Amino acid sequence: MSKTDGRELEVAAAKSRSMQHWVLGTVCALVIGLYGYTAQSGCLESFCLNPADTYYNLLVQGFRAGQLSLKKDVPVGLARLANPYDSTANALYRSESSGMLDLSYYKGRFYLYFGVTPALILFWPFVALTGQYLFHKQAVAIFCAISFLISVGLLRALWRRYFAEVHVGVVAACALALGLATGMPVLLAQCDVYEVAIGCGCLLTMLALAAIWCAVHDPERRYRWLAAASLAYGMALGARPSLLFGAVILLVPVVQAWRERRKIALLLTAAIGPIVLIGLGLMFYNALRFNNPMEFGQRLQINAAQQVARQFFSPRYLWFNFRVYFLELARWSGRFPFVHGIVVPPLPPGHEVVQAPFGILTNIPLVWLAMVLPLVWRGRLVQIPSALRWFLLAVTLFFGVYALTLCLYFGACFRFEVEFLPALVLLAAVGILGLERATMDRPRWQPAVRWGWSLVLGFSVAFNLLATVLYHADSRYWQGVVLAQQGRLSEAIQIYEDVLRIRPDFAEAHNNLGVALARRGKIQAAIGEYNQALQINPDYAEAHNNLAVALGREGRTQEAIRHCEQALRINPDYAEAHDNLGNALAQGGNVEEAVGQYEQALQIRPDYAEAHFNLGVALARLGRMSEAMDHWEQALRIRPQYANAHYSLGVALERLGRVGEAISHYQSALQINPNLVEARNGLARLRAIP
């Protein structure tokens, strides 16, 4: 070969590498751009206008102040509860807008159950360097983007080392699958504290797999790479303690060295040492927070269901979770986005949480291609694929062990699937590379095989993107809730209607649209939305209660009573339904029965200002004015800006001849609500007295 020919070959090779970099770089840019576009705040973060008020940033503020708890005050009422973990007692403090839902509470302080690692590697360094705080959605996008880039780096290494003859277009398709068929876009559609921990765990486990790749391919520096993998996996445990059993993958390079008859003492130390040190650090961290090294705070959460005595892992959850994670088919329709949630099978005893999981074998068929892995080393020399076998064993072990762990858990969520899907899709991508290589010497087979895997890849990506639209509708719903709370009812109504065009079976959106319409005075339209919500979910206690209120405003008292009673059959501790049943009974003339309902509401919620006020009105109708005044005063102690309570108390004081006090309450009522005509008339009447 002449020098000229050699230079031409070098130039051609350089152009080929440049094209490869351009193609893969374009795919990476496309995926990361989509991540940034898709990332939306979830329900908790939707209520935080200031990123400093989000959970991980409150934890960072606590660290910077020299404490392990969040920089957040505990409400006096919560601290005084006999059992702050009781879901009935703490109901007032655990709404999405309260900023306390799912926080761990212990000895008068709030802690974060969700892993500490994201605060240490991203949130704290970011605020230290920039003086600004990250929203959770930005953090999740960063974690997902880096995890994706690491997986593409692994794919490229696999391709260059073992499948160099495969066309770069095939590799680009596999890279697209790693970005868009792994559930990452769906995860990004609702970003809250939960997704931050999961995204961080995904990044660090992928980083650990990358270090294991280096360890199995670089015998001379294997212990260094293994130590790096152990460090990365240990940090992943700090984000997601549930990853613990997946740490078995750290032993794969050790077993490889043992099979190669190498000394393994140093390797075993490298594999175990960093993760054990991090584990001990986490136990010390827990002991300082909760006086128990094994308590991460999950049992101490302010949650809708008391966690203290819950059995989090059990074999009885295994089959149910396997069905919803792997087998259950999504429902399809002719209406965009076409994909709808699964029909949830009957729950096993003790299983509580099911949040829109999808069966990955039935809805992301790309993962079936992981089963063709034996083709990867078909026709290879034994010494070449040995390292590849060990690496694929590590990836398979991680997927299998972690999927089994989640199948034993008492909850099932799609975001949990995202924790093992990237590993499974990486195996499927290797399967595609193996298929391409295996059919190179069979030109008749290659087009059919390529069309086959292209179709399942395309369907899997399309399913993920359509499911993302579905999840995005949930995020938009919470934006509507925030706007409604801010009094921006027209905007909230528009968002609810947009959400219902995508998810017409969203009972909560129908209910909240009804509430917004009722606040705008459109009672008939509100009644229609409440009825829609109840058609979807007949056991929706809040919709029954809201429908009762609307029916009462229309004078349909008996129907209102019936729906209040239905709400209470579903939830006997529903204080608002007791209060509204009292209103309906009083409206129908059954004042004595109404008093009993108000009293039951106050037994459930002693600080329920509206129930105190309504009980006072009922007692006044019964001539028990002294008791009525006591309850109006209690309502004002709870809510000093309660205009109607000031007015009613003013009327009672006027009748008792305590004119000065009556004038003061009328004035207070008018300061709060200048449009309260009755208070203005009362004040004018008393001032006219000589």
# chains A, B, ... in the order shown; residues from 1 in each chain; ligands from 1

$ select_by_dssp --residues "range 13-242 of chain A" --states "helix (DSSP H, G or I)" --output "count of residues only"
161

$ residues_around --residues "Tyr106 in chain A" --least-positions-apart "2" --cutoff "12 Å" --atoms "only C-alpha atoms" --output "number ranges by chain"
A: 68-70, 74, 78-79, 83-85, 103-104, 108-113, 286, 288-292, 295-302

$ closest_residue --among "A:Leu466, A:Ile527, A:Ile198, A:Ala239" --to "Phe338 in chain A" --atoms "only C-alpha atoms"
A:Leu466

$ residues_around --residues "range 507-519 of chain A" --least-positions-apart "4" --cutoff "7 Å" --atoms "only C-alpha atoms" --output "PyMOL selection string"
chain A and resi 477+484+489+493+496+500+523+525-527+529-530+532-533+536-537+543

$ write_last_selection --atoms "C-alpha atoms" --output "short mmCIF file (atom, residue, chain, number, x, y, z; two decimals), in the first residue's frame"
data_model
loop_
_atom_site.label_atom_id
_atom_site.label_comp_id
_atom_site.auth_asym_id
_atom_site.auth_seq_id
_atom_site.Cartn_x
_atom_site.Cartn_y
_atom_site.Cartn_z
CA TYR A 477 -54.13 19.66 36.58
CA ALA A 484 -57.79 28.26 41.64
CA LEU A 489 -60.64 31.02 38.32
CA ILE A 493 -61.24 26.51 34.46
CA TYR A 496 -59.18 21.85 33.83
CA LEU A 500 -60.30 16.74 30.55
CA ILE A 523 -74.08 26.15 39.88
CA ALA A 525 -72.57 23.57 35.31
CA ALA A 526 -70.84 22.66 38.58
CA ILE A 527 -73.51 20.07 39.37
CA GLU A 529 -69.16 18.19 36.65
CA TYR A 530 -69.72 16.66 40.09
CA GLN A 532 -69.44 13.30 35.91
CA ALA A 533 -66.87 12.72 38.66
CA ILE A 536 -66.29 7.75 37.03
CA ASN A 537 -65.81 7.07 40.75
CA ALA A 543 -67.46 14.93 44.97
#

$ closest_residue --among "A:Phe163, A:Tyr93, A:Tyr666, A:Phe414" --to "Tyr325 in chain A" --atoms "only C-alpha atoms"
A:Phe414

$ select_by_dssp --residues "range 18-155 of chain A" --states "strand (DSSP E or B)" --output "JSON list (two decimals) with N, CA and C atoms, in the first residue's frame"
[["chain", "number", "residue", "atom", "x", "y", "z"],
["A", 41, "SER", "N", -43.20, 20.51, 36.80],
["A", 41, "SER", "CA", -43.35, 20.33, 38.24],
["A", 41, "SER", "C", -44.53, 19.42, 38.54],
["A", 104, "SER", "N", -40.95, 13.54, 56.96],
["A", 104, "SER", "CA", -40.83, 12.74, 58.18],
["A", 104, "SER", "C", -40.80, 13.69, 59.37],
["A", 105, "TYR", "N", -41.59, 13.36, 60.39],
["A", 105, "TYR", "CA", -41.69, 14.21, 61.59],
["A", 105, "TYR", "C", -41.18, 13.43, 62.79],
["A", 106, "TYR", "N", -40.26, 14.05, 63.53],
["A", 106, "TYR", "CA", -39.70, 13.37, 64.70],
["A", 106, "TYR", "C", -39.24, 14.41, 65.71],
["A", 109, "ARG", "N", -39.36, 18.18, 64.74],
["A", 109, "ARG", "CA", -38.63, 18.63, 63.56],
["A", 109, "ARG", "C", -39.07, 17.85, 62.33],
["A", 110, "PHE", "N", -38.92, 18.49, 61.16],
["A", 110, "PHE", "CA", -39.19, 17.83, 59.90],
["A", 110, "PHE", "C", -37.88, 17.33, 59.29],
["A", 111, "TYR", "N", -37.92, 16.11, 58.75],
["A", 111, "TYR", "CA", -36.78, 15.52, 58.07],
["A", 111, "TYR", "C", -37.23, 15.03, 56.70]]

$ closest_residue --among "A:Leu636, A:Leu134, A:Cys214, A:Cys407" --to "Val196 in chain A" --atoms "only C-alpha atoms"
A:Leu134

$ closest_atom_pairs --of "range 410-465 of chain A" --to "range 136-146 of chain A" --cutoff "12 Å" --atoms "only C-alpha atoms" --output "tab-separated table"
residue	atom	partner	partner_atom	distance
A:Val418	CA	A:Cys144	CA	10.4
A:Glu419	CA	A:Cys144	CA	11.0
A:Pro422	CA	A:Cys144	CA	10.6

$ residues_around --residues "Pro345 in chain A" --least-positions-apart "4" --cutoff "9 Å" --atoms "only C-alpha atoms" --output "PyMOL selection string"
chain A and resi 320+323-324+328

$ write_last_selection --atoms "C-alpha atoms" --output "PDB file, in the first residue's frame"
ATOM      1  CA  PHE A 320     -49.756  -8.410  41.860  1.00  0.00           C
ATOM      2  CA  ARG A 323     -48.655  -8.283  36.770  1.00  0.00           C
ATOM      3  CA  VAL A 324     -48.859  -4.495  36.790  1.00  0.00           C
ATOM      4  CA  GLU A 328     -50.964  -5.468  32.241  1.00  0.00           C
TER       5      GLU A 328
END

$ closest_residue --among "A:Tyr598, A:Phe398, A:Trp213, A:Phe410" --to "Trp319 in chain A" --atoms "only C-alpha atoms"
A:Phe410

$ decode --residues "range 317-328 of chain A" --atoms "N, CA and C atoms" --output "PDB file, in the first residue's frame"
ATOM      1  N   TYR A 317     -47.223  -9.507  47.882  1.00  0.00           N
ATOM      2  CA  TYR A 317     -47.344  -8.454  46.875  1.00  0.00           C
ATOM      3  C   TYR A 317     -46.715  -8.864  45.538  1.00  0.00           C
ATOM      4  N   LEU A 318     -45.982  -9.981  45.518  1.00  0.00           N
ATOM      5  CA  LEU A 318     -45.125 -10.312  44.381  1.00  0.00           C
ATOM      6  C   LEU A 318     -45.910 -10.475  43.084  1.00  0.00           C
ATOM      7  N   TRP A 319     -46.950 -11.312  43.091  1.00  0.00           N
ATOM      8  CA  TRP A 319     -47.664 -11.590  41.847  1.00  0.00           C
ATOM      9  C   TRP A 319     -48.404 -10.353  41.350  1.00  0.00           C
ATOM     10  N   PHE A 320     -49.033  -9.618  42.269  1.00  0.00           N
ATOM     11  CA  PHE A 320     -49.756  -8.410  41.860  1.00  0.00           C
ATOM     12  C   PHE A 320     -48.802  -7.419  41.197  1.00  0.00           C
ATOM     13  N   ASN A 321     -47.683  -7.123  41.838  1.00  0.00           N
ATOM     14  CA  ASN A 321     -46.744  -6.157  41.271  1.00  0.00           C
ATOM     15  C   ASN A 321     -46.136  -6.654  39.965  1.00  0.00           C
ATOM     16  N   PHE A 322     -45.861  -7.954  39.882  1.00  0.00           N
ATOM     17  CA  PHE A 322     -45.338  -8.495  38.621  1.00  0.00           C
ATOM     18  C   PHE A 322     -46.347  -8.278  37.498  1.00  0.00           C
ATOM     19  N   ARG A 323     -47.621  -8.483  37.794  1.00  0.00           N
ATOM     20  CA  ARG A 323     -48.655  -8.283  36.770  1.00  0.00           C
ATOM     21  C   ARG A 323     -48.674  -6.836  36.285  1.00  0.00           C
ATOM     22  N   VAL A 324     -48.711  -5.893  37.227  1.00  0.00           N
ATOM     23  CA  VAL A 324     -48.859  -4.495  36.790  1.00  0.00           C
ATOM     24  C   VAL A 324     -47.572  -3.938  36.200  1.00  0.00           C
ATOM     25  N   TYR A 325     -46.419  -4.458  36.625  1.00  0.00           N
ATOM     26  CA  TYR A 325     -45.147  -3.962  36.084  1.00  0.00           C
ATOM     27  C   TYR A 325     -44.784  -4.594  34.742  1.00  0.00           C
ATOM     28  N   PHE A 326     -45.236  -5.825  34.502  1.00  0.00           N
ATOM     29  CA  PHE A 326     -44.760  -6.542  33.314  1.00  0.00           C
ATOM     30  C   PHE A 326     -45.859  -6.999  32.351  1.00  0.00           C
ATOM     31  N   LEU A 327     -47.074  -7.233  32.842  1.00  0.00           N
ATOM     32  CA  LEU A 327     -48.057  -7.902  32.002  1.00  0.00           C
ATOM     33  C   LEU A 327     -49.271  -7.063  31.617  1.00  0.00           C
ATOM     34  N   GLU A 328     -49.698  -6.162  32.479  1.00  0.00           N
ATOM     35  CA  GLU A 328     -50.964  -5.468  32.241  1.00  0.00           C
ATOM     36  C   GLU A 328     -50.871  -4.527  31.042  1.00  0.00           C
TER      37      GLU A 328
END
